[in-house]
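Here's query_30.cif, which has mmCIF, C-alpha atoms and all ligand atoms:
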data_start
#
loop_
_atom_site.label_atom_id
_atom_site.label_comp_id
_atom_site.auth_asym_id
_atom_site.auth_seq_id
_atom_site.Cartn_x
_atom_site.Cartn_y
_atom_site.Cartn_z
CA MET Q 20 -36.06 -27.18 -69.61
CA ILE Q 21 -34.91 -23.84 -70.87
CA ARG Q 22 -31.97 -23.97 -73.17
CA GLU Q 23 -29.77 -20.95 -73.19
CA GLN Q 24 -29.59 -19.34 -76.60
CA PRO Q 25 -25.99 -19.52 -77.77
CA ARG Q 26 -24.25 -16.20 -78.21
CA ALA Q 27 -23.43 -16.83 -81.87
CA ASP Q 28 -27.14 -17.29 -82.57
CA LYS Q 29 -27.92 -13.94 -81.03
CA ARG Q 30 -25.21 -12.23 -83.04
CA ARG Q 31 -26.44 -13.76 -86.25
CA ARG Q 32 -30.03 -12.83 -85.49
CA GLU Q 33 -29.14 -9.27 -84.63
CA SER Q 34 -27.05 -8.75 -87.72
CA LYS Q 35 -30.06 -9.90 -89.75
CA TYR Q 36 -32.23 -7.43 -87.83
CA TRP Q 37 -29.75 -4.64 -88.42
CA TRP Q 38 -29.68 -5.41 -92.12
CA ALA Q 39 -33.51 -5.32 -92.23
CA ALA Q 40 -33.65 -2.06 -90.27
CA ARG Q 41 -31.12 -0.36 -92.55
CA ALA Q 42 -33.05 -1.55 -95.62
CA ARG Q 43 -36.26 -0.24 -93.99
CA ASN Q 44 -37.80 -3.55 -94.96
CA ALA Q 45 -41.50 -3.50 -94.05
CA ARG Q 46 -41.76 -7.28 -94.20
CA TRP Q 47 -39.95 -7.36 -90.86
CA ASP Q 48 -42.46 -5.06 -89.14
CA GLY Q 49 -43.95 -6.98 -86.25
CA SER Q 50 -40.94 -9.34 -85.99
CA PHE Q 51 -38.83 -7.02 -83.84
CA VAL Q 52 -38.30 -3.38 -82.93
CA PHE Q 53 -35.04 -1.47 -82.54
CA ALA Q 54 -34.34 1.13 -79.88
CA VAL Q 55 -31.80 3.95 -79.99
CA ARG Q 56 -29.83 4.57 -76.80
CA SER Q 57 -29.05 8.23 -77.41
CA THR Q 58 -32.67 9.27 -78.08
CA GLY Q 59 -34.58 6.80 -75.89
CA ILE Q 60 -36.95 6.06 -78.81
CA TYR Q 61 -37.79 2.74 -80.45
CA CYS Q 62 -38.98 2.10 -84.03
CA ARG Q 63 -40.30 -0.59 -86.33
CA PRO Q 64 -37.89 -1.87 -89.01
CA SER Q 65 -39.52 0.16 -91.82
CA CYS Q 66 -39.39 3.53 -90.02
CA PRO Q 67 -38.30 6.28 -92.46
CA ALA Q 68 -36.16 8.03 -89.82
CA ARG Q 69 -32.38 8.26 -90.21
CA ARG Q 70 -30.44 5.28 -88.81
CA PRO Q 71 -27.96 5.85 -85.98
CA ALA Q 72 -24.63 4.07 -85.55
CA ARG Q 73 -24.97 0.34 -84.89
CA LYS Q 74 -23.57 0.63 -81.37
CA GLN Q 75 -26.45 2.96 -80.42
CA VAL Q 76 -29.02 0.28 -81.27
CA ILE Q 77 -30.66 -2.37 -79.09
CA PHE Q 78 -33.12 -4.91 -80.45
CA PHE Q 79 -36.27 -6.13 -78.74
CA ALA Q 80 -38.71 -8.83 -79.80
CA LEU Q 81 -41.70 -6.70 -78.83
CA PRO Q 82 -42.73 -3.06 -78.31
CA GLU Q 83 -43.71 -3.99 -74.76
CA ALA Q 84 -40.19 -5.22 -74.03
CA ALA Q 85 -38.68 -1.98 -75.36
CA GLU Q 86 -41.01 0.08 -73.18
CA GLN Q 87 -40.23 -2.09 -70.21
CA ALA Q 88 -36.58 -1.11 -70.73
CA GLY Q 89 -37.57 2.58 -70.65
CA PHE Q 90 -37.85 3.41 -74.37
CA ARG Q 91 -40.71 5.39 -75.88
CA PRO Q 92 -42.47 4.58 -79.17
CA CYS Q 93 -41.56 6.65 -82.24
CA ARG Q 94 -44.37 8.98 -83.30
CA ARG Q 95 -43.54 8.61 -86.96
CA CYS Q 96 -43.71 4.84 -87.37
CA GLN Q 97 -45.91 3.94 -84.37
CA PRO Q 98 -44.29 0.57 -83.69
CA ARG Q 99 -47.06 -0.52 -81.32
CA GLU Q 100 -49.50 -0.67 -84.25
CA ALA Q 101 -47.59 -3.33 -86.19
CA PRO Q 102 -49.34 -6.70 -85.80
CA ALA Q 103 -47.19 -9.49 -84.34
CA ARG Q 104 -45.61 -11.75 -86.94
CA ASN Q 105 -45.72 -15.14 -85.28
CA PRO Q 106 -47.82 -17.04 -82.72
CA SER Q 107 -45.32 -16.66 -79.84
CA LEU Q 108 -45.08 -12.91 -80.29
CA GLU Q 109 -48.84 -12.72 -80.61
CA LEU Q 110 -49.33 -14.75 -77.42
CA VAL Q 111 -47.00 -12.53 -75.40
CA ARG Q 112 -48.60 -9.35 -76.70
CA ARG Q 113 -52.03 -10.67 -75.73
CA VAL Q 114 -50.77 -11.49 -72.24
CA CYS Q 115 -49.32 -7.98 -71.92
CA ARG Q 116 -52.58 -6.39 -73.02
CA THR Q 117 -54.61 -8.54 -70.65
CA ILE Q 118 -52.41 -7.60 -67.72
CA GLU Q 119 -52.39 -3.90 -68.65
CA THR Q 120 -56.14 -3.54 -68.95
CA ASP Q 121 -56.82 -5.04 -65.55
CA LEU Q 122 -53.97 -4.32 -63.18
CA GLU Q 123 -56.12 -4.97 -60.13
CA GLU Q 124 -56.72 -8.56 -61.13
CA PRO Q 125 -54.28 -10.85 -59.33
CA TYR Q 126 -53.56 -12.97 -62.39
CA THR Q 127 -51.80 -16.26 -61.89
CA LEU Q 128 -50.04 -18.30 -64.56
CA GLN Q 129 -52.97 -20.72 -64.37
CA THR Q 130 -55.67 -18.13 -65.06
CA LEU Q 131 -53.58 -16.45 -67.75
CA GLY Q 132 -52.92 -19.82 -69.39
CA LEU Q 133 -56.59 -20.65 -69.31
CA HIS Q 134 -57.39 -17.28 -70.83
CA MET Q 135 -54.95 -17.78 -73.69
CA GLY Q 136 -55.57 -21.48 -74.20
CA VAL Q 137 -52.00 -22.59 -73.48
CA SER Q 138 -50.34 -24.37 -70.57
CA PRO Q 139 -49.00 -22.24 -67.70
CA GLY Q 140 -45.49 -23.60 -68.26
CA HIS Q 141 -45.49 -22.75 -71.95
CA LEU Q 142 -46.84 -19.30 -71.21
CA GLN Q 143 -44.18 -18.60 -68.59
CA ARG Q 144 -41.32 -19.83 -70.80
CA THR Q 145 -42.44 -17.97 -73.91
CA PHE Q 146 -43.05 -14.77 -72.01
CA LYS Q 147 -39.72 -14.89 -70.24
CA ARG Q 148 -37.85 -15.68 -73.44
CA LEU Q 149 -39.28 -12.72 -75.35
CA MET Q 150 -39.68 -10.19 -72.54
CA GLY Q 151 -36.79 -11.10 -70.26
CA ILE Q 152 -39.10 -11.07 -67.22
CA THR Q 153 -42.06 -13.09 -65.92
CA PRO Q 154 -45.73 -12.08 -66.34
CA ARG Q 155 -45.88 -11.27 -62.63
CA GLN Q 156 -42.84 -8.96 -62.83
CA TYR Q 157 -44.45 -7.34 -65.85
CA ALA Q 158 -47.68 -6.73 -63.92
CA ASP Q 159 -45.72 -5.20 -61.02
CA ALA Q 160 -43.82 -2.91 -63.35
CA ARG Q 161 -46.96 -1.73 -65.16
CA ARG Q 162 -48.73 -1.05 -61.89
CA LEU Q 163 -45.80 0.99 -60.68
CA ASP Q 164 -45.68 2.95 -63.94
CA LYS Q 165 -49.34 3.78 -63.67
CA LEU Q 166 -48.95 4.83 -60.06
CA LYS Q 167 -46.06 7.14 -61.00
CA GLY Q 168 -48.11 8.69 -63.78
CA ARG Q 169 -51.10 9.31 -61.51
CA LEU Q 170 -48.93 10.79 -58.77
CA ARG Q 171 -47.19 13.07 -61.25
CA GLU Q 172 -50.53 14.32 -62.50
CA GLY Q 173 -51.13 15.38 -58.91
CA HIS Q 174 -53.83 12.89 -57.91
CA ASN Q 175 -53.99 12.28 -54.20
CA VAL Q 176 -52.10 9.26 -52.97
CA THR Q 177 -55.02 7.05 -51.97
CA ARG Q 178 -56.79 7.58 -55.26
CA ALA Q 179 -53.61 7.08 -57.27
CA LEU Q 180 -52.88 3.82 -55.49
CA TYR Q 181 -56.41 2.64 -56.05
CA GLU Q 182 -56.45 3.55 -59.73
CA ALA Q 183 -53.12 1.89 -60.36
CA GLY Q 184 -54.51 -1.38 -59.02
CA TYR Q 185 -52.86 -1.40 -55.61
CA GLY Q 186 -56.26 -1.57 -53.96
CA SER Q 187 -56.19 -0.84 -50.27
CA SER Q 188 -53.79 -3.58 -49.22
CA SER Q 189 -51.06 -2.32 -46.93
CA ARG Q 190 -48.68 -4.96 -48.27
CA LEU Q 191 -49.00 -3.46 -51.74
CA TYR Q 192 -48.61 0.02 -50.31
CA GLU Q 193 -45.28 -0.97 -48.81
CA GLN Q 194 -44.33 -2.60 -52.07
CA ALA Q 195 -45.16 0.64 -53.86
CA ALA Q 196 -42.97 2.63 -51.47
CA ALA Q 197 -40.12 0.20 -51.89
CA GLN Q 198 -40.37 0.29 -55.68
CA LEU Q 199 -40.72 4.06 -55.84
CA GLY Q 200 -37.75 4.44 -53.57
CA MET Q 201 -39.76 6.77 -51.34
CA THR Q 202 -43.24 7.16 -49.94
CA PRO Q 203 -45.92 7.84 -52.57
CA ALA Q 204 -46.56 11.23 -50.93
CA THR Q 205 -42.95 12.28 -51.44
CA TYR Q 206 -43.01 10.99 -54.96
CA ARG Q 207 -46.13 13.01 -55.67
CA ARG Q 208 -44.24 16.18 -54.88
CA GLY Q 209 -41.76 14.99 -57.52
CA GLY Q 210 -39.22 17.56 -56.48
CA ARG Q 211 -41.72 20.43 -56.61
CA GLY Q 212 -39.99 23.55 -55.37
CA MET Q 213 -36.54 21.98 -55.76
CA GLU Q 214 -33.88 23.65 -57.83
CA ILE Q 215 -31.42 21.16 -59.25
CA GLY Q 216 -28.19 21.82 -61.08
CA TYR Q 217 -26.30 19.01 -62.75
CA THR Q 218 -23.22 18.21 -64.74
CA ILE Q 219 -22.23 15.23 -66.87
CA VAL Q 220 -18.56 14.36 -67.23
CA LYS Q 221 -16.65 11.62 -68.98
CA GLY Q 222 -14.92 9.26 -66.62
CA ARG Q 223 -13.37 5.84 -66.29
CA LEU Q 224 -16.71 4.01 -66.34
CA GLY Q 225 -18.50 6.00 -69.03
CA ARG Q 226 -20.54 9.11 -68.32
CA LEU Q 227 -21.03 10.30 -64.80
CA LEU Q 228 -23.96 12.53 -63.83
CA VAL Q 229 -23.86 14.48 -60.59
CA ALA Q 230 -26.91 16.53 -59.62
CA ALA Q 231 -27.44 18.62 -56.53
CA THR Q 232 -29.68 21.10 -54.80
CA GLU Q 233 -28.31 23.84 -52.60
CA ARG Q 234 -28.49 21.37 -49.73
CA GLY Q 235 -26.51 18.52 -51.23
CA ILE Q 236 -26.22 15.84 -53.87
CA CYS Q 237 -29.53 14.36 -55.00
CA MET Q 238 -28.40 12.04 -57.80
CA VAL Q 239 -25.25 10.30 -58.96
CA SER Q 240 -25.59 7.97 -61.91
CA LEU Q 241 -23.42 6.17 -64.44
CA GLY Q 242 -24.24 5.36 -68.06
CA ASP Q 243 -23.21 5.30 -71.69
CA ALA Q 244 -25.10 8.30 -73.05
CA ALA Q 245 -25.50 11.79 -71.62
CA ALA Q 246 -29.06 12.16 -72.97
CA GLN Q 247 -30.23 9.07 -71.15
CA LEU Q 248 -28.70 10.16 -67.84
CA ALA Q 249 -30.34 13.59 -68.12
CA ALA Q 250 -33.69 11.98 -68.98
CA ALA Q 251 -33.46 9.69 -65.95
CA LEU Q 252 -32.82 12.71 -63.73
CA ARG Q 253 -35.93 14.43 -65.10
CA ARG Q 254 -37.97 11.28 -64.54
CA GLU Q 255 -36.79 11.14 -60.92
CA TYR Q 256 -37.65 14.81 -60.27
CA PRO Q 257 -40.42 15.67 -62.77
CA ASN Q 258 -41.59 18.79 -60.93
CA ALA Q 259 -38.19 20.28 -60.12
CA THR Q 260 -36.51 23.13 -61.93
CA ILE Q 261 -33.52 21.47 -63.53
CA HIS Q 262 -30.66 23.15 -65.32
CA ARG Q 263 -27.27 22.07 -66.53
CA GLU Q 264 -24.66 24.20 -64.87
CA ALA Q 265 -21.24 22.97 -64.06
CA SER Q 266 -20.16 25.59 -61.53
CA GLY Q 267 -22.08 24.49 -58.44
CA VAL Q 268 -21.62 20.75 -58.76
CA ALA Q 269 -18.23 20.61 -60.47
CA PRO Q 270 -16.19 20.25 -57.27
CA TRP Q 271 -18.31 17.30 -56.19
CA ALA Q 272 -18.05 15.71 -59.64
CA LYS Q 273 -14.26 16.11 -59.41
CA THR Q 274 -14.15 14.40 -56.05
CA ILE Q 275 -16.22 11.51 -57.37
CA GLN Q 276 -13.96 11.18 -60.40
CA LYS Q 277 -10.99 11.01 -58.09
CA TYR Q 278 -12.77 8.23 -56.26
CA LEU Q 279 -13.35 6.41 -59.57
CA ARG Q 280 -9.63 6.59 -60.31
CA GLY Q 281 -8.96 5.07 -56.92
CA ASN Q 282 -7.55 8.21 -55.30
CA GLN Q 283 -10.34 9.17 -52.95
CA PRO Q 284 -11.32 6.39 -50.54
CA ARG Q 285 -13.90 8.30 -48.61
CA LEU Q 286 -16.80 10.08 -50.30
CA ASN Q 287 -18.09 12.08 -47.42
CA LEU Q 288 -20.29 14.42 -49.43
CA PRO Q 289 -23.51 16.12 -48.32
CA LEU Q 290 -26.69 14.46 -49.57
CA ASP Q 291 -30.16 15.74 -50.26
CA VAL Q 292 -32.26 12.62 -50.79
CA GLU Q 293 -35.60 11.58 -49.37
CA ALA Q 294 -36.09 8.07 -48.14
CA THR Q 295 -38.54 5.88 -46.33
CA ALA Q 296 -37.53 5.05 -42.77
CA PHE Q 297 -36.38 1.62 -43.88
CA GLN Q 298 -34.29 2.93 -46.77
CA ARG Q 299 -32.65 5.47 -44.53
CA ARG Q 300 -31.48 2.72 -42.20
CA VAL Q 301 -30.17 0.60 -45.04
CA TRP Q 302 -28.41 3.51 -46.74
CA GLU Q 303 -26.80 4.65 -43.51
CA GLU Q 304 -25.56 1.13 -42.98
CA LEU Q 305 -24.11 1.07 -46.49
CA ARG Q 306 -22.15 4.23 -45.81
CA ARG Q 307 -20.46 2.42 -42.94
CA ILE Q 308 -18.98 -0.27 -45.17
CA PRO Q 309 -15.28 0.63 -45.49
CA TYR Q 310 -13.56 1.24 -48.78
CA GLY Q 311 -12.41 -2.04 -50.28
CA SER Q 312 -14.71 -4.19 -48.15
CA THR Q 313 -17.95 -5.89 -49.05
CA ARG Q 314 -20.99 -7.16 -47.20
CA SER Q 315 -23.79 -9.51 -48.17
CA TYR Q 316 -27.42 -8.38 -48.30
CA LYS Q 317 -27.88 -10.69 -45.33
CA ASP Q 318 -25.12 -8.93 -43.34
CA VAL Q 319 -26.82 -5.59 -43.91
CA ALA Q 320 -30.23 -6.96 -42.94
CA ARG Q 321 -28.72 -8.28 -39.73
CA ALA Q 322 -26.89 -5.02 -39.02
CA ILE Q 323 -30.10 -2.99 -39.15
CA GLY Q 324 -31.80 -5.48 -36.84
CA GLN Q 325 -34.07 -7.07 -39.45
CA PRO Q 326 -32.30 -10.30 -40.36
CA ARG Q 327 -35.24 -11.56 -42.43
CA ALA Q 328 -35.60 -8.48 -44.58
CA VAL Q 329 -32.94 -9.59 -47.08
CA ARG Q 330 -35.01 -8.94 -50.17
CA ALA Q 331 -36.16 -5.56 -48.89
CA VAL Q 332 -32.50 -4.67 -48.33
CA ALA Q 333 -31.69 -5.68 -51.89
CA ARG Q 334 -34.53 -3.44 -53.11
CA ALA Q 335 -33.31 -0.52 -51.02
CA CYS Q 336 -29.88 -0.97 -52.61
CA ALA Q 337 -31.42 -1.06 -56.08
CA THR Q 338 -33.34 2.20 -55.53
CA ASN Q 339 -30.34 4.14 -54.23
CA PRO Q 340 -30.36 7.41 -56.24
CA VAL Q 341 -26.81 8.43 -55.32
CA SER Q 342 -24.56 5.60 -56.40
CA LEU Q 343 -20.94 5.63 -55.16
CA VAL Q 344 -21.64 8.18 -52.42
CA ILE Q 345 -23.95 5.60 -50.87
CA PRO Q 346 -21.79 2.62 -51.86
CA CYS Q 347 -24.43 0.03 -52.72
CA HIS Q 348 -21.84 -1.59 -55.01
CA ARG Q 349 -20.18 -3.00 -51.87
CA VAL Q 350 -23.11 -5.34 -51.22
CA LEU Q 351 -23.01 -8.82 -52.73
CA ARG Q 352 -25.00 -12.01 -52.53
CA SER Q 353 -24.18 -14.41 -49.70
CA ASP Q 354 -22.44 -16.79 -52.08
CA GLY Q 355 -20.11 -13.98 -53.12
CA SER Q 356 -21.67 -13.45 -56.54
CA LEU Q 357 -22.25 -9.86 -57.60
CA GLY Q 358 -26.04 -9.63 -57.27
CA GLY Q 359 -27.50 -6.70 -59.18
CA TYR Q 360 -26.41 -3.18 -59.98
CA ARG Q 361 -28.59 -0.43 -61.33
CA TRP Q 362 -25.76 0.92 -63.50
CA GLY Q 363 -24.60 -2.44 -64.87
CA LEU Q 364 -22.75 -5.39 -63.42
CA GLU Q 365 -19.56 -4.60 -65.32
CA ARG Q 366 -19.38 -1.28 -63.53
CA LYS Q 367 -19.95 -2.92 -60.16
CA GLN Q 368 -17.14 -5.34 -60.86
CA ALA Q 369 -14.79 -2.56 -61.98
CA LEU Q 370 -15.54 -0.46 -58.89
CA LEU Q 371 -14.81 -3.37 -56.56
CA ALA Q 372 -11.65 -4.28 -58.44
CA THR Q 373 -10.29 -0.74 -58.10
CA GLU Q 374 -11.10 -0.61 -54.41
CA THR Q 375 -9.44 -3.96 -53.70
CA ARG Q 376 -6.35 -3.08 -55.69
CA LYS Q 377 -5.92 0.27 -53.96
CA ARG Q 378 -6.49 -1.20 -50.58
CA LEU Q 379 -4.02 -4.00 -50.95
CA ARG Q 380 -1.23 -1.81 -52.28
CA PRO Q 381 1.27 -1.26 -49.46
CA ALA Q 382 1.67 2.42 -50.29
CA SER Q 383 -1.97 3.05 -49.51
CA ALA Q 384 -2.16 0.81 -46.46
CA ALA Q 385 -1.19 3.61 -44.11
CA ALA Q 386 -3.68 5.90 -45.77
CA HIS Q 387 -6.33 3.28 -45.32
CA ARG Q 388 -5.64 3.00 -41.62
CA SER Q 389 -5.95 6.70 -41.14
CA PHE Q 390 -9.17 6.86 -43.09
CA PHE Q 391 -10.83 4.13 -41.10
CA PRO Q 392 -9.16 4.10 -37.71
CA GLU Q 393 -12.31 2.82 -36.06
CA THR Q 394 -12.99 -0.17 -38.26
CA ARG Q 395 -11.41 -3.55 -37.97
CA VAL Q 396 -12.33 -5.87 -40.77
CA LYS Q 397 -12.20 -9.56 -40.03
ZN ZN Q 401 -39.82 5.35 -86.05
#
Once you've parsed the file, please lay out its structure as structure tokens.
Ligand SMILES: [Zn+2]
Amino acid sequence: MIREQPRADKRRRESKYWWAARARNARWDGSFVFAVRSTGIYCRPSCPARRPARKQVIFFALPEAAEQAGFRPCRRCQPREAPARNPSLELVRRVCRTIETDLEEPYTLQTLGLHMGVSPGHLQRTFKRLMGITPRQYADARRLDKLKGRLREGHNVTRALYEAGYGSSSRLYEQAAAQLGMTPATYRRGGRGMEIGYTIVKGRLGRLLVAATERGICMVSLGDAAAQLAAALRREYPNATIHREASGVAPWAKTIQKYLRGNQPRLNLPLDVEATAFQRRVWEELRRIPYGSTRSYKDVARAIGQPRAVRAVARACATNPVSLVIPCHRVLRSDGSLGGYRWGLERKQALLATETRKRLRPASAAAHRSFFPETRVK
């Protein structure tokens, strides 16, 4: 049985970590790492670098967990080199290294357990507790990372897939496309030849990034820090020419901000995004969900004529690069719970709350009818 760690415990632990990090106490090296939101870098406790404000800092048990969350190791203190401080941390690091060195190997919990000399159950629990994901999810993520790297370097698709451990299985190829959010061939271009302008504005739900080519919007994202949003844009389009310029995209950003305040029910903005055939169908279906309404992943799967593809629909929602304009926040689990959201569940909840409130207010009821004359919601 997995017992949930009480919140107070976490707070106490993290305040101890913060104290150790501020004291640059080397005895804590290998017990945890801390990552800085604004820079995207993580460090060991003894790193000589200047400390940011506490609210910029996130703690991770392991370097691998920090990297999994998208942070890069600090060049000064090289946090990956610190040996793990206790047997659980050591076990998880060994599992990570084993998976990383042989991504082609279809490891199971049994073989991994055998390898490490522990029971599969213990391995799974320990890994999940310290990494937040299972060994299998970790292997998938590493494989995808490697594939992205190879494609960015310009390797041809077949070779990149092979080298990243996808072998020649068509199932894995489809998985790669779903995870990339596009076909590997499109990803390989990485926005080559595209010219992207973007702006970041402060809004109701934190920072809002809107990026566009001359053809339309290619990314809309929400977050806490401008630097992180800009970095994510560059990761999405590594080969594009990207510049920050408010003039071209400002009107679109304004419209989206109006939407966020609840004053713009329909975001009918031009898009410039590439998608697999499946994603295109899902995303088009999402754009049909009226303001203030929700659907389940199952509803969407049924609407596109693939009632069994519920998980693939959820993945297509998760890889939507233009949040809000393609309203993936209007899709929930069948039991009514929120499901996931790339930009944070609190934001999803806030978006839905605003939409419901605006829709139910009598003053806007007439407006709603005129915006969606063709839709009748049961
Ligand atoms: Zn450092």
For segment 44-55 of chain Q, list every protein, DNA or RNA residue within 6 Å, evaluated using all atoms listed in the file, and leave out those in the same chain fewer than 5 positions away; present the list as a ChimeraX atom specification.
/Q:39,60-65,75-81,101-104
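For the choices Q:Ala249, Q:Leu288, Q:Ala88, Q:Leu133, the atom-to-atom distance to Ile152 of chain Q is smallest for Q:Ala88 when using all atoms listed in the file.
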For each of Q:Val341, Q:Gly324, Q:Glu214, Q:Arg169, take the minimum atom-to-atom distance to Ala183 of chain Q, counting all atoms listed in the file, then give the residue where this is smallest.
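Closest to Ala183 of chain Q of all the choices is Q:Arg169.
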Got a sec to check which residues lie within 7 Å of ligand ZN 401 (chain Q), using only C-alpha atoms and all ligand atoms, and send them as a JSON list (two decimals) with C-alpha atoms, in the frame of the given file?
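Result saved to pocket37.json:
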[["chain", "number", "residue", "atom", "x", "y", "z"],
["Q", 61, "TYR", "CA", -37.79, 2.74, -80.45],
["Q", 62, "CYS", "CA", -38.98, 2.10, -84.03],
["Q", 63, "ARG", "CA", -40.30, -0.59, -86.33],
["Q", 66, "CYS", "CA", -39.39, 3.53, -90.02],
["Q", 67, "PRO", "CA", -38.30, 6.28, -92.46],
["Q", 68, "ALA", "CA", -36.16, 8.03, -89.82],
["Q", 93, "CYS", "CA", -41.56, 6.65, -82.24],
["Q", 94, "ARG", "CA", -44.37, 8.98, -83.30],
["Q", 95, "ARG", "CA", -43.54, 8.61, -86.96],
["Q", 96, "CYS", "CA", -43.71, 4.84, -87.37],
["Q", 97, "GLN", "CA", -45.91, 3.94, -84.37],
["Q", 98, "PRO", "CA", -44.29, 0.57, -83.69]]
By how many Å are atom CA of Arg144 of chain Q and atom CA of Asp28 of chain Q apart?
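For atom CA of Arg144 of chain Q relative to atom CA of Asp28 of chain Q, the distance reads 18.6 Å.
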Within 12 Å of His141 of chain Q, counting all atoms listed in the file, which residues qualify if same-chain residues fewer than 2 places away don't, as a CSV table (one decimal) with C-alpha atoms, keeping the file's coordinate frame?
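Saved file selection-v2.csv follows:
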chain,number,residue,atom,x,y,z
Q,20,MET,CA,-36.1,-27.2,-69.6
Q,21,ILE,CA,-34.9,-23.8,-70.9
Q,107,SER,CA,-45.3,-16.7,-79.8
Q,110,LEU,CA,-49.3,-14.8,-77.4
Q,111,VAL,CA,-47.0,-12.5,-75.4
Q,128,LEU,CA,-50.0,-18.3,-64.6
Q,129,GLN,CA,-53.0,-20.7,-64.4
Q,131,LEU,CA,-53.6,-16.4,-67.8
Q,132,GLY,CA,-52.9,-19.8,-69.4
Q,133,LEU,CA,-56.6,-20.6,-69.3
Q,135,MET,CA,-55.0,-17.8,-73.7
Q,136,GLY,CA,-55.6,-21.5,-74.2
Q,137,VAL,CA,-52.0,-22.6,-73.5
Q,138,SER,CA,-50.3,-24.4,-70.6
Q,139,PRO,CA,-49.0,-22.2,-67.7
Q,143,GLN,CA,-44.2,-18.6,-68.6
Q,144,ARG,CA,-41.3,-19.8,-70.8
Q,145,THR,CA,-42.4,-18.0,-73.9
Q,146,PHE,CA,-43.0,-14.8,-72.0
Q,147,LYS,CA,-39.7,-14.9,-70.2
Q,148,ARG,CA,-37.8,-15.7,-73.4
Q,153,THR,CA,-42.1,-13.1,-65.9
Contact residues around Cys115 of chain Q with all atoms listed in the file at 10 Å, ignoring same-chain residues under 5 positions, as a list of chain:residue names:
Q:Glu83, Q:Ala84, Q:Glu109, Q:Leu110, Q:Thr120, Q:Phe146, Q:Met150, Q:Pro154, Q:Tyr157, Q:Ala158, Q:Arg161
Point-to-point distance from atom CA of Arg376 of chain Q to atom CA of Arg300 of chain Q, Å rounded to tenths:
29.1 Å
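Here atom CA of Gln298 of chain Q stands at a distance of 11.7 Å from atom CA of Ala328 of chain Q.
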Got a sec to check which residues sit within 9 Å of (-23.1, 20.0, -62.8), counting all atoms listed in the file, and write them as a ChimeraX atom specification?
/Q:216-220,228-231,262-272
Selected residue of minimal separation from Ala195 of chain Q among Q:Arg334, Q:Leu290, Q:Arg307, Q:Arg361, counting all atoms listed in the file:
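Counting all atoms listed in the file, the residue closest to Ala195 of chain Q is Q:Arg334.
Of the residues listed (Q:Asn339, Q:Thr373, Q:Ser353, Q:Gln325), Q:Asn339 shows the shortest atom-to-atom separation from Arg299 of chain Q; distances use all atoms listed in the file.
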Looking at Q:Arg314, Q:Lys221, Q:Lys165, Q:Arg178, which one is nearest to His348 of chain Q, with distances taken over all atoms listed in the file?
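Looking only at the distances to His348 of chain Q, the closest residue turns out to be Q:Arg314.
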Residue nearest Gly209 of chain Q - candidates Q:Ser240, Q:Ser342, Q:Asn258, Q:Thr127, atoms counted: only C-alpha atoms
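Looking at the shortest contact to Gly209 of chain Q, the residue is Q:Asn258.
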Considering only C-alpha atoms, return as an MDAnalysis selection string whatever protein or nucleic-acid residues lie within 9 Å of Asn175 of chain Q, sequence-local ones (same chain, fewer than 4 positions apart) excluded.
chainID Q and resid 169:170 179:180 204 207
Within 7 Å of (-5.4, 5.2, -54.2) (file coordinates; only C-alpha atoms), which protein or nucleic acid residues are there? I'd like them as a PyMOL selection string.
chain Q and resi 281-283+377+383
Save segment 29-44 of chain Q to disk from that block, C-alpha atoms included, as a PDB file, in the first residue's frame.
ATOM      1  CA  LYS Q  29       6.568  17.951   2.605  1.00  0.00           C
ATOM      2  CA  ARG Q  30       6.622  21.515   3.871  1.00  0.00           C
ATOM      3  CA  ARG Q  31       8.935  20.613   6.706  1.00  0.00           C
ATOM      4  CA  ARG Q  32      11.243  18.676   4.407  1.00  0.00           C
ATOM      5  CA  GLU Q  33      11.398  21.473   1.877  1.00  0.00           C
ATOM      6  CA  SER Q  34      12.121  24.129   4.447  1.00  0.00           C
ATOM      7  CA  LYS Q  35      15.031  21.974   5.614  1.00  0.00           C
ATOM      8  CA  TYR Q  36      16.205  21.690   2.003  1.00  0.00           C
ATOM      9  CA  TRP Q  37      15.919  25.424   1.505  1.00  0.00           C
ATOM     10  CA  TRP Q  38      17.933  26.049   4.643  1.00  0.00           C
ATOM     11  CA  ALA Q  39      20.639  23.635   3.404  1.00  0.00           C
ATOM     12  CA  ALA Q  40      20.688  25.219  -0.055  1.00  0.00           C
ATOM     13  CA  ARG Q  41      21.039  28.733   1.347  1.00  0.00           C
ATOM     14  CA  ALA Q  42      23.861  27.574   3.635  1.00  0.00           C
ATOM     15  CA  ARG Q  43      25.499  25.889   0.604  1.00  0.00           C
ATOM     16  CA  ASN Q  44      25.933  22.877   2.843  1.00  0.00           C
TER      17      ASN Q  44
END
